[in-house]
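Here's input-v4.txt, which has compact mmCIF, N, CA and C atoms and all ligand atoms:
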# COMPACT_ATOMS: atom_id res chain seq x y z
N MET A 1 113.88 156.69 143.54
CA MET A 1 114.13 156.95 142.11
C MET A 1 113.26 156.02 141.25
N ALA A 2 112.77 156.53 140.14
CA ALA A 2 111.85 155.74 139.32
C ALA A 2 112.60 154.69 138.49
N THR A 3 112.01 153.49 138.39
CA THR A 3 112.54 152.48 137.48
C THR A 3 111.88 152.71 136.13
N ASN A 4 112.67 152.87 135.10
CA ASN A 4 112.09 153.04 133.76
C ASN A 4 113.02 152.44 132.72
N ARG A 5 112.70 152.71 131.45
CA ARG A 5 113.34 151.97 130.38
C ARG A 5 114.13 152.86 129.43
N THR A 6 115.15 152.26 128.82
CA THR A 6 115.84 152.92 127.73
C THR A 6 116.03 151.91 126.62
N PHE A 7 116.50 152.39 125.47
CA PHE A 7 116.73 151.50 124.33
C PHE A 7 118.17 151.65 123.89
N THR A 8 118.79 150.53 123.51
CA THR A 8 120.18 150.57 123.04
C THR A 8 120.38 149.72 121.81
N MET A 9 121.38 150.07 121.02
CA MET A 9 121.90 149.18 119.97
C MET A 9 123.41 149.08 120.16
N ILE A 10 123.92 147.86 120.03
CA ILE A 10 125.36 147.68 119.86
C ILE A 10 125.58 147.73 118.35
N LYS A 11 126.38 148.68 117.91
CA LYS A 11 126.44 149.03 116.49
C LYS A 11 127.38 148.10 115.70
N PRO A 12 127.26 148.15 114.35
CA PRO A 12 127.95 147.16 113.51
C PRO A 12 129.44 146.98 113.79
N GLU A 13 130.19 148.08 114.00
CA GLU A 13 131.64 147.91 114.13
C GLU A 13 131.99 147.23 115.45
N ALA A 14 131.17 147.46 116.48
CA ALA A 14 131.44 146.83 117.78
C ALA A 14 131.09 145.34 117.72
N VAL A 15 130.01 145.01 117.01
CA VAL A 15 129.66 143.59 116.83
C VAL A 15 130.76 142.90 116.01
N ALA A 16 131.18 143.55 114.90
CA ALA A 16 132.21 142.95 114.03
C ALA A 16 133.53 142.75 114.76
N ALA A 17 133.82 143.64 115.71
CA ALA A 17 135.07 143.53 116.47
C ALA A 17 134.99 142.47 117.57
N GLY A 18 133.82 141.85 117.74
CA GLY A 18 133.68 140.81 118.76
C GLY A 18 133.49 141.36 120.16
N SER A 19 133.03 142.62 120.26
CA SER A 19 132.91 143.27 121.57
C SER A 19 131.52 143.14 122.20
N MET A 20 130.62 142.43 121.52
CA MET A 20 129.24 142.33 121.98
C MET A 20 129.13 141.81 123.43
N GLY A 21 129.84 140.75 123.74
CA GLY A 21 129.76 140.16 125.08
C GLY A 21 130.31 141.09 126.14
N LYS A 22 131.42 141.74 125.83
CA LYS A 22 132.04 142.65 126.83
C LYS A 22 131.13 143.85 127.08
N ILE A 23 130.50 144.35 126.03
CA ILE A 23 129.60 145.50 126.20
C ILE A 23 128.37 145.08 127.00
N LEU A 24 127.83 143.91 126.70
CA LEU A 24 126.66 143.44 127.47
C LEU A 24 127.04 143.23 128.94
N ASP A 25 128.25 142.74 129.20
CA ASP A 25 128.72 142.59 130.59
C ASP A 25 128.72 143.94 131.30
N MET A 26 129.26 144.96 130.63
CA MET A 26 129.31 146.29 131.26
C MET A 26 127.89 146.79 131.55
N ILE A 27 126.98 146.55 130.62
CA ILE A 27 125.59 147.01 130.80
C ILE A 27 124.97 146.30 132.02
N MET A 28 125.14 144.98 132.09
CA MET A 28 124.48 144.25 133.17
C MET A 28 125.18 144.47 134.50
N ASP A 29 126.50 144.63 134.47
CA ASP A 29 127.24 144.94 135.71
C ASP A 29 126.83 146.28 136.29
N ASN A 30 126.26 147.15 135.46
CA ASN A 30 125.82 148.46 135.93
C ASN A 30 124.35 148.49 136.30
N GLY A 31 123.77 147.32 136.47
CA GLY A 31 122.44 147.25 137.08
C GLY A 31 121.27 147.40 136.12
N PHE A 32 121.50 147.20 134.82
CA PHE A 32 120.39 147.24 133.88
C PHE A 32 119.85 145.83 133.66
N ARG A 33 118.52 145.73 133.65
CA ARG A 33 117.86 144.45 133.37
C ARG A 33 117.44 144.44 131.90
N VAL A 34 117.67 143.30 131.23
CA VAL A 34 117.26 143.18 129.83
C VAL A 34 115.77 142.85 129.76
N VAL A 35 115.00 143.73 129.13
CA VAL A 35 113.56 143.54 128.94
C VAL A 35 113.30 142.83 127.61
N ALA A 36 114.12 143.14 126.59
CA ALA A 36 113.99 142.55 125.26
C ALA A 36 115.34 142.66 124.59
N MET A 37 115.66 141.66 123.70
CA MET A 37 116.94 141.72 123.00
C MET A 37 116.85 140.96 121.70
N LYS A 38 117.48 141.49 120.62
CA LYS A 38 117.61 140.71 119.39
C LYS A 38 118.87 141.06 118.61
N TYR A 39 119.39 140.01 117.92
CA TYR A 39 120.53 140.14 117.02
C TYR A 39 119.94 140.23 115.63
N THR A 40 120.16 141.35 114.96
CA THR A 40 119.45 141.57 113.70
C THR A 40 120.27 142.50 112.82
N ARG A 41 119.76 142.77 111.62
CA ARG A 41 120.44 143.71 110.73
C ARG A 41 119.41 144.64 110.12
N LEU A 42 119.68 145.93 110.16
CA LEU A 42 118.78 146.93 109.59
C LEU A 42 118.99 147.03 108.09
N SER A 43 117.90 147.13 107.32
CA SER A 43 118.02 147.51 105.91
C SER A 43 118.37 149.01 105.88
N ARG A 44 118.78 149.53 104.71
CA ARG A 44 119.03 150.97 104.60
C ARG A 44 117.75 151.75 104.91
N GLN A 45 116.64 151.23 104.43
CA GLN A 45 115.37 151.92 104.66
C GLN A 45 115.04 151.98 106.16
N GLU A 46 115.24 150.87 106.85
CA GLU A 46 114.96 150.84 108.30
C GLU A 46 115.90 151.78 109.06
N ALA A 47 117.18 151.76 108.68
CA ALA A 47 118.14 152.64 109.36
C ALA A 47 117.75 154.10 109.12
N GLY A 48 117.32 154.41 107.89
CA GLY A 48 116.89 155.78 107.57
C GLY A 48 115.69 156.20 108.38
N THR A 49 114.76 155.30 108.58
CA THR A 49 113.56 155.61 109.37
C THR A 49 113.93 155.77 110.84
N PHE A 50 114.77 154.87 111.33
CA PHE A 50 115.14 154.94 112.76
C PHE A 50 115.81 156.28 113.07
N TYR A 51 116.68 156.74 112.16
CA TYR A 51 117.44 157.98 112.40
C TYR A 51 116.85 159.18 111.66
N ALA A 52 115.56 159.12 111.31
CA ALA A 52 114.91 160.18 110.52
C ALA A 52 115.06 161.56 111.18
N VAL A 53 115.15 161.60 112.50
CA VAL A 53 115.32 162.87 113.21
C VAL A 53 116.60 163.59 112.76
N HIS A 54 117.57 162.84 112.23
CA HIS A 54 118.85 163.44 111.79
C HIS A 54 118.90 163.67 110.27
N LYS A 55 117.73 163.59 109.59
CA LYS A 55 117.67 163.63 108.12
C LYS A 55 118.38 164.84 107.51
N GLU A 56 118.29 165.96 108.19
CA GLU A 56 118.88 167.19 107.64
C GLU A 56 120.36 167.35 107.98
N ARG A 57 120.89 166.45 108.79
CA ARG A 57 122.29 166.61 109.22
C ARG A 57 123.23 166.12 108.12
N PRO A 58 124.43 166.74 108.02
CA PRO A 58 125.35 166.36 106.94
C PRO A 58 125.81 164.90 107.01
N PHE A 59 125.77 164.31 108.21
CA PHE A 59 126.27 162.94 108.36
C PHE A 59 125.18 161.88 108.17
N TYR A 60 123.96 162.30 107.80
CA TYR A 60 122.83 161.35 107.74
C TYR A 60 123.11 160.17 106.79
N GLY A 61 123.57 160.47 105.57
CA GLY A 61 123.81 159.41 104.58
C GLY A 61 124.84 158.40 105.09
N GLU A 62 125.91 158.92 105.65
CA GLU A 62 126.97 158.08 106.21
C GLU A 62 126.43 157.23 107.37
N LEU A 63 125.60 157.85 108.20
CA LEU A 63 125.03 157.16 109.36
C LEU A 63 124.14 155.99 108.91
N VAL A 64 123.31 156.23 107.90
CA VAL A 64 122.40 155.19 107.41
C VAL A 64 123.20 154.03 106.81
N GLU A 65 124.19 154.35 105.96
CA GLU A 65 125.03 153.31 105.35
C GLU A 65 125.71 152.46 106.42
N TYR A 66 126.27 153.14 107.39
CA TYR A 66 127.00 152.46 108.46
C TYR A 66 126.08 151.57 109.30
N MET A 67 124.92 152.09 109.67
CA MET A 67 124.03 151.31 110.54
C MET A 67 123.44 150.10 109.81
N ALA A 68 123.44 150.14 108.46
CA ALA A 68 122.93 149.01 107.68
C ALA A 68 124.08 148.08 107.23
N SER A 69 125.31 148.38 107.66
CA SER A 69 126.47 147.68 107.10
C SER A 69 126.72 146.30 107.70
N GLY A 70 126.05 145.95 108.78
CA GLY A 70 126.27 144.65 109.40
C GLY A 70 125.32 144.46 110.55
N PRO A 71 125.35 143.25 111.14
CA PRO A 71 124.42 142.98 112.24
C PRO A 71 124.65 143.87 113.46
N ILE A 72 123.59 144.05 114.19
CA ILE A 72 123.60 144.83 115.43
C ILE A 72 122.90 144.02 116.53
N VAL A 73 123.03 144.47 117.76
CA VAL A 73 122.19 143.96 118.85
C VAL A 73 121.30 145.11 119.30
N ALA A 74 119.99 144.88 119.30
CA ALA A 74 119.03 145.87 119.79
C ALA A 74 118.47 145.37 121.12
N ALA A 75 118.29 146.26 122.08
CA ALA A 75 117.77 145.83 123.38
C ALA A 75 117.01 146.95 124.08
N ILE A 76 116.00 146.56 124.82
CA ILE A 76 115.33 147.44 125.78
C ILE A 76 115.87 147.09 127.15
N LEU A 77 116.27 148.12 127.89
CA LEU A 77 116.86 147.94 129.23
C LEU A 77 116.00 148.65 130.26
N GLU A 78 115.99 148.08 131.45
CA GLU A 78 115.23 148.68 132.55
C GLU A 78 116.16 148.93 133.73
N GLY A 79 115.93 150.03 134.42
CA GLY A 79 116.73 150.33 135.60
C GLY A 79 116.31 151.65 136.21
N ASP A 80 116.90 151.98 137.34
CA ASP A 80 116.62 153.28 137.97
C ASP A 80 117.11 154.39 137.04
N ASN A 81 116.23 155.36 136.79
CA ASN A 81 116.65 156.53 135.99
C ASN A 81 117.39 156.10 134.72
N ALA A 82 116.79 155.13 134.00
CA ALA A 82 117.50 154.37 132.95
C ALA A 82 118.10 155.25 131.86
N VAL A 83 117.35 156.21 131.33
CA VAL A 83 117.84 156.99 130.19
C VAL A 83 119.12 157.72 130.58
N GLN A 84 119.09 158.46 131.67
CA GLN A 84 120.26 159.25 132.05
C GLN A 84 121.42 158.37 132.51
N ARG A 85 121.12 157.35 133.30
CA ARG A 85 122.20 156.48 133.79
C ARG A 85 122.88 155.75 132.64
N PHE A 86 122.08 155.36 131.62
CA PHE A 86 122.68 154.68 130.49
C PHE A 86 123.53 155.64 129.66
N ARG A 87 123.06 156.86 129.51
CA ARG A 87 123.87 157.86 128.77
C ARG A 87 125.19 158.12 129.50
N ASP A 88 125.13 158.12 130.82
CA ASP A 88 126.37 158.28 131.59
C ASP A 88 127.31 157.09 131.36
N LEU A 89 126.73 155.88 131.29
CA LEU A 89 127.55 154.68 131.10
C LEU A 89 128.18 154.65 129.70
N ILE A 90 127.45 155.11 128.68
CA ILE A 90 128.03 155.03 127.32
C ILE A 90 129.02 156.16 127.06
N GLY A 91 128.82 157.32 127.65
CA GLY A 91 129.76 158.43 127.46
C GLY A 91 129.41 159.28 126.25
N ALA A 92 130.22 160.30 126.01
CA ALA A 92 129.95 161.29 124.95
C ALA A 92 129.95 160.65 123.56
N THR A 93 129.17 161.28 122.64
CA THR A 93 129.08 160.79 121.25
C THR A 93 130.47 160.65 120.63
N ASP A 94 131.31 161.64 120.87
CA ASP A 94 132.68 161.62 120.35
C ASP A 94 133.58 160.90 121.35
N PRO A 95 134.13 159.74 120.98
CA PRO A 95 134.90 158.97 121.98
C PRO A 95 136.11 159.70 122.53
N THR A 96 136.63 160.69 121.78
CA THR A 96 137.76 161.46 122.32
C THR A 96 137.32 162.33 123.50
N GLN A 97 135.99 162.56 123.59
CA GLN A 97 135.44 163.37 124.69
C GLN A 97 134.83 162.48 125.80
N ALA A 98 134.78 161.18 125.55
CA ALA A 98 134.11 160.27 126.50
C ALA A 98 134.97 160.04 127.74
N ALA A 99 134.32 159.98 128.91
CA ALA A 99 135.04 159.81 130.17
C ALA A 99 135.62 158.40 130.28
N GLU A 100 136.70 158.28 131.05
CA GLU A 100 137.28 156.98 131.38
C GLU A 100 136.21 156.08 131.98
N GLY A 101 136.24 154.81 131.62
CA GLY A 101 135.29 153.85 132.20
C GLY A 101 133.98 153.76 131.44
N THR A 102 133.78 154.60 130.42
CA THR A 102 132.54 154.53 129.64
C THR A 102 132.71 153.53 128.48
N ILE A 103 131.55 153.08 127.98
CA ILE A 103 131.58 152.09 126.89
C ILE A 103 132.23 152.70 125.64
N ARG A 104 131.88 153.95 125.33
CA ARG A 104 132.45 154.54 124.11
C ARG A 104 133.95 154.79 124.25
N LYS A 105 134.39 155.16 125.43
CA LYS A 105 135.84 155.35 125.64
C LYS A 105 136.57 154.05 125.32
N ARG A 106 135.97 152.93 125.73
CA ARG A 106 136.65 151.64 125.59
C ARG A 106 136.50 151.05 124.18
N PHE A 107 135.30 151.24 123.56
CA PHE A 107 135.02 150.48 122.34
C PHE A 107 134.79 151.31 121.08
N ALA A 108 134.50 152.61 121.19
CA ALA A 108 134.14 153.37 119.98
C ALA A 108 135.38 153.68 119.14
N GLU A 109 135.19 153.69 117.82
CA GLU A 109 136.28 154.01 116.89
C GLU A 109 136.32 155.50 116.57
N SER A 110 135.15 156.13 116.50
CA SER A 110 135.05 157.52 116.05
C SER A 110 133.68 158.06 116.43
N LYS A 111 133.45 159.34 116.14
CA LYS A 111 132.15 159.96 116.40
C LYS A 111 131.04 159.25 115.63
N ALA A 112 131.34 158.80 114.41
CA ALA A 112 130.34 158.09 113.60
C ALA A 112 130.21 156.64 114.08
N LYS A 113 131.35 155.95 114.18
CA LYS A 113 131.35 154.55 114.60
C LYS A 113 131.58 154.51 116.11
N ASN A 114 130.50 154.81 116.83
CA ASN A 114 130.67 155.05 118.27
C ASN A 114 130.11 153.93 119.16
N ALA A 115 130.10 152.71 118.61
CA ALA A 115 129.90 151.45 119.36
C ALA A 115 128.48 151.19 119.86
N VAL A 116 127.84 152.19 120.44
CA VAL A 116 126.51 151.97 121.02
C VAL A 116 125.62 153.19 120.83
N HIS A 117 124.33 152.91 120.81
CA HIS A 117 123.31 153.97 120.83
C HIS A 117 122.61 153.92 122.18
N GLY A 118 122.20 155.08 122.67
CA GLY A 118 121.34 155.14 123.85
C GLY A 118 120.30 156.21 123.66
N SER A 119 119.06 155.92 124.03
CA SER A 119 117.97 156.90 123.85
C SER A 119 118.27 158.18 124.62
N ASP A 120 117.74 159.30 124.09
CA ASP A 120 118.01 160.59 124.75
C ASP A 120 116.85 161.09 125.61
N SER A 121 115.73 160.35 125.64
CA SER A 121 114.60 160.75 126.49
C SER A 121 113.69 159.53 126.71
N ASP A 122 112.83 159.62 127.72
CA ASP A 122 111.87 158.53 127.96
C ASP A 122 110.97 158.34 126.75
N GLU A 123 110.57 159.46 126.16
CA GLU A 123 109.67 159.40 125.01
C GLU A 123 110.34 158.68 123.83
N ASN A 124 111.58 159.04 123.54
CA ASN A 124 112.29 158.37 122.44
C ASN A 124 112.62 156.92 122.77
N ALA A 125 112.87 156.63 124.04
CA ALA A 125 113.11 155.23 124.43
C ALA A 125 111.90 154.37 124.08
N ALA A 126 110.71 154.87 124.32
CA ALA A 126 109.49 154.12 124.02
C ALA A 126 109.31 153.97 122.50
N ILE A 127 109.57 155.05 121.76
CA ILE A 127 109.43 155.00 120.29
C ILE A 127 110.45 154.02 119.70
N GLU A 128 111.70 154.13 120.15
CA GLU A 128 112.77 153.29 119.59
C GLU A 128 112.58 151.82 119.98
N GLY A 129 112.15 151.57 121.20
CA GLY A 129 111.89 150.19 121.62
C GLY A 129 110.79 149.56 120.77
N ALA A 130 109.74 150.34 120.52
CA ALA A 130 108.60 149.84 119.73
C ALA A 130 108.97 149.63 118.26
N PHE A 131 110.04 150.31 117.79
CA PHE A 131 110.51 150.12 116.41
C PHE A 131 110.99 148.68 116.21
N PHE A 132 111.58 148.10 117.26
CA PHE A 132 112.18 146.76 117.15
C PHE A 132 111.35 145.65 117.78
N PHE A 133 110.55 145.96 118.81
CA PHE A 133 109.96 144.89 119.61
C PHE A 133 108.45 145.07 119.77
N SER A 134 107.72 143.98 119.58
CA SER A 134 106.30 143.97 119.89
C SER A 134 106.14 143.83 121.41
N GLY A 135 104.94 144.06 121.88
CA GLY A 135 104.66 143.94 123.32
C GLY A 135 104.99 142.55 123.83
N ARG A 136 104.71 141.51 123.02
CA ARG A 136 104.94 140.14 123.52
C ARG A 136 106.40 139.71 123.47
N GLU A 137 107.28 140.57 122.94
CA GLU A 137 108.73 140.28 122.98
C GLU A 137 109.39 140.98 124.16
N GLN A 138 108.60 141.64 125.02
CA GLN A 138 109.16 142.38 126.15
C GLN A 138 108.80 141.68 127.45
N PHE A 139 109.82 141.38 128.25
CA PHE A 139 109.59 140.56 129.45
C PHE A 139 110.08 141.26 130.71
P1 LIG A 201 123.70 157.91 118.25
O1 LIG A 201 123.75 158.13 119.71
O2 LIG A 201 123.26 156.59 117.77
O3 LIG A 201 122.79 159.03 117.58
C1 LIG A 201 123.02 159.62 116.33
C2 LIG A 201 124.26 159.08 115.67
O4 LIG A 201 124.76 159.88 114.61
C3 LIG A 201 125.40 159.09 116.68
O5 LIG A 201 125.19 158.14 117.67
C4 LIG A 201 126.60 158.86 115.75
O6 LIG A 201 126.72 157.51 115.36
C5 LIG A 201 126.17 159.68 114.54
N1 LIG A 201 126.81 160.99 114.54
C6 LIG A 201 126.59 162.02 115.38
N2 LIG A 201 127.37 163.07 115.08
C7 LIG A 201 128.10 162.71 114.00
C8 LIG A 201 129.08 163.35 113.22
N3 LIG A 201 129.47 164.61 113.46
N4 LIG A 201 129.62 162.68 112.18
C9 LIG A 201 129.23 161.42 111.91
N5 LIG A 201 128.30 160.74 112.63
C10 LIG A 201 127.75 161.37 113.66

Let's see the structure in the file written out as structure tokens.
Amino acid sequence: MATNRTFTMIKPEAVAAGSMGKILDMIMDNGFRVVAMKYTRLSRQEAGTFYAVHKERPFYGELVEYMASGPIVAAILEGDNAVQRFRDLIGATDPTQAAEGTIRKRFAESKAKNAVHGSDSDENAAIEGAFFFSGREQF
């Protein structure tokens, strides 16, 4: 199986709830290596650019406000089949649909405030990682 990369954010409500360490434990216990990581806060403009693919969706305004509402943790992760395995670990977007043992089942508040982001493809993982990290911040 190929080793490749995905990108994640621990979102504002999960950071505010003090769940950052527990979520990072789950990520690392599941065999992901941290390639890059930062504790930061998105401006509204940055959140809008990051989620521009959802610009036409009815929840876009709410999503941008929420993602800019407090600090987040952004990280690039490496592992076998990283994008799909990470999506399996975080669970469905809607926490009421997320499987037992997933990060969203345990930590998400709602479909909007769903604790973590995970890239949906190798291509988007590269784009999203490059949004936050220069080449020399990746190890
Ligand atoms: P994420 O995986 O980061 O990708 C897009 C985000 O949009 C998603 O997680 C949710 O935070 C948010 N989102 C998706 N669907 C809805 C919805 N129906 N209502 C509100 N927010 C949503």

Chain A near ligand LIG 201 (chain A) within 8 Å: what's each residue's closest atom pair and its distance in Å to one decimal, counting all atoms listed in the file, ordered by chain then ascending residue number, as a Markdown table?
| residue | atom | partner | partner_atom | distance |
| --- | --- | --- | --- | --- |
| A:Met9 | N | A:LIG201 | O2 | 7.5 |
| A:Tyr51 | CA | A:LIG201 | C1 | 7.0 |
| A:His54 | CA | A:LIG201 | C1 | 7.3 |
| A:Pro58 | C | A:LIG201 | N4 | 6.8 |
| A:Phe59 | CA | A:LIG201 | C9 | 4.9 |
| A:Tyr60 | N | A:LIG201 | N5 | 6.7 |
| A:Glu62 | C | A:LIG201 | N5 | 6.6 |
| A:Leu63 | CA | A:LIG201 | N5 | 5.8 |
| A:Val64 | N | A:LIG201 | O4 | 7.8 |
| A:Ala92 | C | A:LIG201 | O1 | 7.7 |
| A:Thr93 | CA | A:LIG201 | O5 | 5.9 |
| A:Asp94 | N | A:LIG201 | N2 | 7.1 |
| A:Ser110 | C | A:LIG201 | O6 | 7.1 |
| A:Lys111 | C | A:LIG201 | N5 | 4.3 |
| A:Ala112 | CA | A:LIG201 | N5 | 3.5 |
| A:Lys113 | N | A:LIG201 | O6 | 5.0 |
| A:Asn114 | N | A:LIG201 | O6 | 4.9 |
| A:Ala115 | N | A:LIG201 | O6 | 6.7 |
| A:Val116 | C | A:LIG201 | O2 | 5.1 |
| A:His117 | CA | A:LIG201 | O2 | 4.0 |
| A:Gly118 | N | A:LIG201 | O1 | 4.5 |
| A:Ser119 | N | A:LIG201 | O1 | 6.7 |
| A:Asp120 | N | A:LIG201 | O1 | 7.5 |

File dump, residues just selected, N, CA and C atoms, as a PDB file, keeping the file's coordinate frame:
ATOM      1  N   MET A   9     121.380 150.070 121.020  1.00  0.00           N
ATOM      2  CA  MET A   9     121.900 149.180 119.970  1.00  0.00           C
ATOM      3  C   MET A   9     123.410 149.080 120.160  1.00  0.00           C
ATOM      4  N   TYR A  51     116.680 156.740 112.160  1.00  0.00           N
ATOM      5  CA  TYR A  51     117.440 157.980 112.400  1.00  0.00           C
ATOM      6  C   TYR A  51     116.850 159.180 111.660  1.00  0.00           C
ATOM      7  N   HIS A  54     117.570 162.840 112.230  1.00  0.00           N
ATOM      8  CA  HIS A  54     118.850 163.440 111.790  1.00  0.00           C
ATOM      9  C   HIS A  54     118.900 163.670 110.270  1.00  0.00           C
ATOM     10  N   PRO A  58     124.430 166.740 108.020  1.00  0.00           N
ATOM     11  CA  PRO A  58     125.350 166.360 106.940  1.00  0.00           C
ATOM     12  C   PRO A  58     125.810 164.900 107.010  1.00  0.00           C
ATOM     13  N   PHE A  59     125.770 164.310 108.210  1.00  0.00           N
ATOM     14  CA  PHE A  59     126.270 162.940 108.360  1.00  0.00           C
ATOM     15  C   PHE A  59     125.180 161.880 108.170  1.00  0.00           C
ATOM     16  N   TYR A  60     123.960 162.300 107.800  1.00  0.00           N
ATOM     17  CA  TYR A  60     122.830 161.350 107.740  1.00  0.00           C
ATOM     18  C   TYR A  60     123.110 160.170 106.790  1.00  0.00           C
ATOM     19  N   GLU A  62     125.910 158.920 105.650  1.00  0.00           N
ATOM     20  CA  GLU A  62     126.970 158.080 106.210  1.00  0.00           C
ATOM     21  C   GLU A  62     126.430 157.230 107.370  1.00  0.00           C
ATOM     22  N   LEU A  63     125.600 157.850 108.200  1.00  0.00           N
ATOM     23  CA  LEU A  63     125.030 157.160 109.360  1.00  0.00           C
ATOM     24  C   LEU A  63     124.140 155.990 108.910  1.00  0.00           C
ATOM     25  N   VAL A  64     123.310 156.230 107.900  1.00  0.00           N
ATOM     26  CA  VAL A  64     122.400 155.190 107.410  1.00  0.00           C
ATOM     27  C   VAL A  64     123.200 154.030 106.810  1.00  0.00           C
ATOM     28  N   ALA A  92     130.220 160.300 126.010  1.00  0.00           N
ATOM     29  CA  ALA A  92     129.950 161.290 124.950  1.00  0.00           C
ATOM     30  C   ALA A  92     129.950 160.650 123.560  1.00  0.00           C
ATOM     31  N   THR A  93     129.170 161.280 122.640  1.00  0.00           N
ATOM     32  CA  THR A  93     129.080 160.790 121.250  1.00  0.00           C
ATOM     33  C   THR A  93     130.470 160.650 120.630  1.00  0.00           C
ATOM     34  N   ASP A  94     131.310 161.640 120.870  1.00  0.00           N
ATOM     35  CA  ASP A  94     132.680 161.620 120.350  1.00  0.00           C
ATOM     36  C   ASP A  94     133.580 160.900 121.350  1.00  0.00           C
ATOM     37  N   SER A 110     135.150 156.130 116.500  1.00  0.00           N
ATOM     38  CA  SER A 110     135.050 157.520 116.050  1.00  0.00           C
ATOM     39  C   SER A 110     133.680 158.060 116.430  1.00  0.00           C
ATOM     40  N   LYS A 111     133.450 159.340 116.140  1.00  0.00           N
ATOM     41  CA  LYS A 111     132.150 159.960 116.400  1.00  0.00           C
ATOM     42  C   LYS A 111     131.040 159.250 115.630  1.00  0.00           C
ATOM     43  N   ALA A 112     131.340 158.800 114.410  1.00  0.00           N
ATOM     44  CA  ALA A 112     130.340 158.090 113.600  1.00  0.00           C
ATOM     45  C   ALA A 112     130.210 156.640 114.080  1.00  0.00           C
ATOM     46  N   LYS A 113     131.350 155.950 114.180  1.00  0.00           N
ATOM     47  CA  LYS A 113     131.350 154.550 114.600  1.00  0.00           C
ATOM     48  C   LYS A 113     131.580 154.510 116.110  1.00  0.00           C
ATOM     49  N   ASN A 114     130.500 154.810 116.830  1.00  0.00           N
ATOM     50  CA  ASN A 114     130.670 155.050 118.270  1.00  0.00           C
ATOM     51  C   ASN A 114     130.110 153.930 119.160  1.00  0.00           C
ATOM     52  N   ALA A 115     130.100 152.710 118.610  1.00  0.00           N
ATOM     53  CA  ALA A 115     129.900 151.450 119.360  1.00  0.00           C
ATOM     54  C   ALA A 115     128.480 151.190 119.860  1.00  0.00           C
ATOM     55  N   VAL A 116     127.840 152.190 120.440  1.00  0.00           N
ATOM     56  CA  VAL A 116     126.510 151.970 121.020  1.00  0.00           C
ATOM     57  C   VAL A 116     125.620 153.190 120.830  1.00  0.00           C
ATOM     58  N   HIS A 117     124.330 152.910 120.810  1.00  0.00           N
ATOM     59  CA  HIS A 117     123.310 153.970 120.830  1.00  0.00           C
ATOM     60  C   HIS A 117     122.610 153.920 122.180  1.00  0.00           C
ATOM     61  N   GLY A 118     122.200 155.080 122.670  1.00  0.00           N
ATOM     62  CA  GLY A 118     121.340 155.140 123.850  1.00  0.00           C
ATOM     63  C   GLY A 118     120.300 156.210 123.660  1.00  0.00           C
ATOM     64  N   SER A 119     119.060 155.920 124.030  1.00  0.00           N
ATOM     65  CA  SER A 119     117.970 156.900 123.850  1.00  0.00           C
ATOM     66  C   SER A 119     118.270 158.180 124.620  1.00  0.00           C
ATOM     67  N   ASP A 120     117.740 159.300 124.090  1.00  0.00           N
ATOM     68  CA  ASP A 120     118.010 160.590 124.750  1.00  0.00           C
ATOM     69  C   ASP A 120     116.850 161.090 125.610  1.00  0.00           C
TER      70      ASP A 120
END

Tell me, which residues of stretch 13-128 of chain A carry DSSP alpha helix (DSSP H), written as a PyMOL selection string? chain A and resi 13-16+20-29+44-50+60-67+82-90+103-107+122-128

Separation of atom CA of A:Ile127 from atom CA of A:Thr49, in Å and rounded to one decimal: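 Atom-to-atom, atom CA of A:Ile127 and atom CA of A:Thr49 are spaced 11.7 Å apart.
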
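The gap separating atom C of A:Leu89 from atom N of A:Tyr39 is 20.7 Å, in Å to one decimal.
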
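Atom C of A:Thr3 lies 27.8 Å from atom CA of A:Val15.
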
Name the residues, using the chain letters and numbers of the file, that sit within 10 Å of (134.0, 149.0, 121.5) when counting only C-alpha atoms, and give them as an NGL selection string. :A and (10-11 or 13-20 or 22-23 or 102-109 or 113-116)

So which residues of chain A fall under strand (DSSP E or B) by DSSP, listed as a list in words?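 After running DSSP on the backbone, chain A has strand (DSSP E or B) at Thr3, Asn4, Arg5, Thr6, Phe7, Thr8, Met9, Ile10, Arg33, Val34, Val35, Ala36, Met37, Lys38, Tyr39, Thr40, Ile72, Val73, Ala74, Ala75, Ile76, Leu77, Glu78, Gly79, Asp80, Val116, His117 and Gly118 of chain A.
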
Dump as JSON lines the rows for residues of stretch 28-121 of chain A within 7 Å of stretch 130-139 of chain A: closest atom pair and distance in Å with one decimal, only N, CA and C atoms counted, ordered by chain and rising residue number.
{"residue": "A:Val34", "atom": "C", "partner": "A:Phe139", "partner_atom": "C", "distance": 6.0}
{"residue": "A:Val35", "atom": "C", "partner": "A:Phe139", "partner_atom": "N", "distance": 3.8}
{"residue": "A:Ala36", "atom": "CA", "partner": "A:Gln138", "partner_atom": "CA", "distance": 4.9}
{"residue": "A:Met37", "atom": "N", "partner": "A:Glu137", "partner_atom": "C", "distance": 6.3}

Please save N, CA and C atoms of the selected residues as a PDB file, in the frame of the given file.
ATOM      1  N   VAL A  34     117.670 143.300 131.230  1.00  0.00           N
ATOM      2  CA  VAL A  34     117.260 143.180 129.830  1.00  0.00           C
ATOM      3  C   VAL A  34     115.770 142.850 129.760  1.00  0.00           C
ATOM      4  N   VAL A  35     115.000 143.730 129.130  1.00  0.00           N
ATOM      5  CA  VAL A  35     113.560 143.540 128.940  1.00  0.00           C
ATOM      6  C   VAL A  35     113.300 142.830 127.610  1.00  0.00           C
ATOM      7  N   ALA A  36     114.120 143.140 126.590  1.00  0.00           N
ATOM      8  CA  ALA A  36     113.990 142.550 125.260  1.00  0.00           C
ATOM      9  C   ALA A  36     115.340 142.660 124.590  1.00  0.00           C
ATOM     10  N   MET A  37     115.660 141.660 123.700  1.00  0.00           N
ATOM     11  CA  MET A  37     116.940 141.720 123.000  1.00  0.00           C
ATOM     12  C   MET A  37     116.850 140.960 121.700  1.00  0.00           C
TER      13      MET A  37
END

Which residue out of A:Val83, A:Val53, A:Glu100, A:Pro12 has the minimum interatomic distance to A:Ser69 when all atoms listed in the file are used?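 So, comparing all the options, the nearest one is A:Pro12.
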
Around stretch 39-49 of chain A, with edges along x, y and z and 5 Å added on all six sides, what centre and edge lengths do you get, in Å to one decimal, as JSON?
{"center_x": 117.0, "center_y": 148.1, "center_z": 111.2, "size_x": 17.0, "size_y": 26.2, "size_z": 23.5}
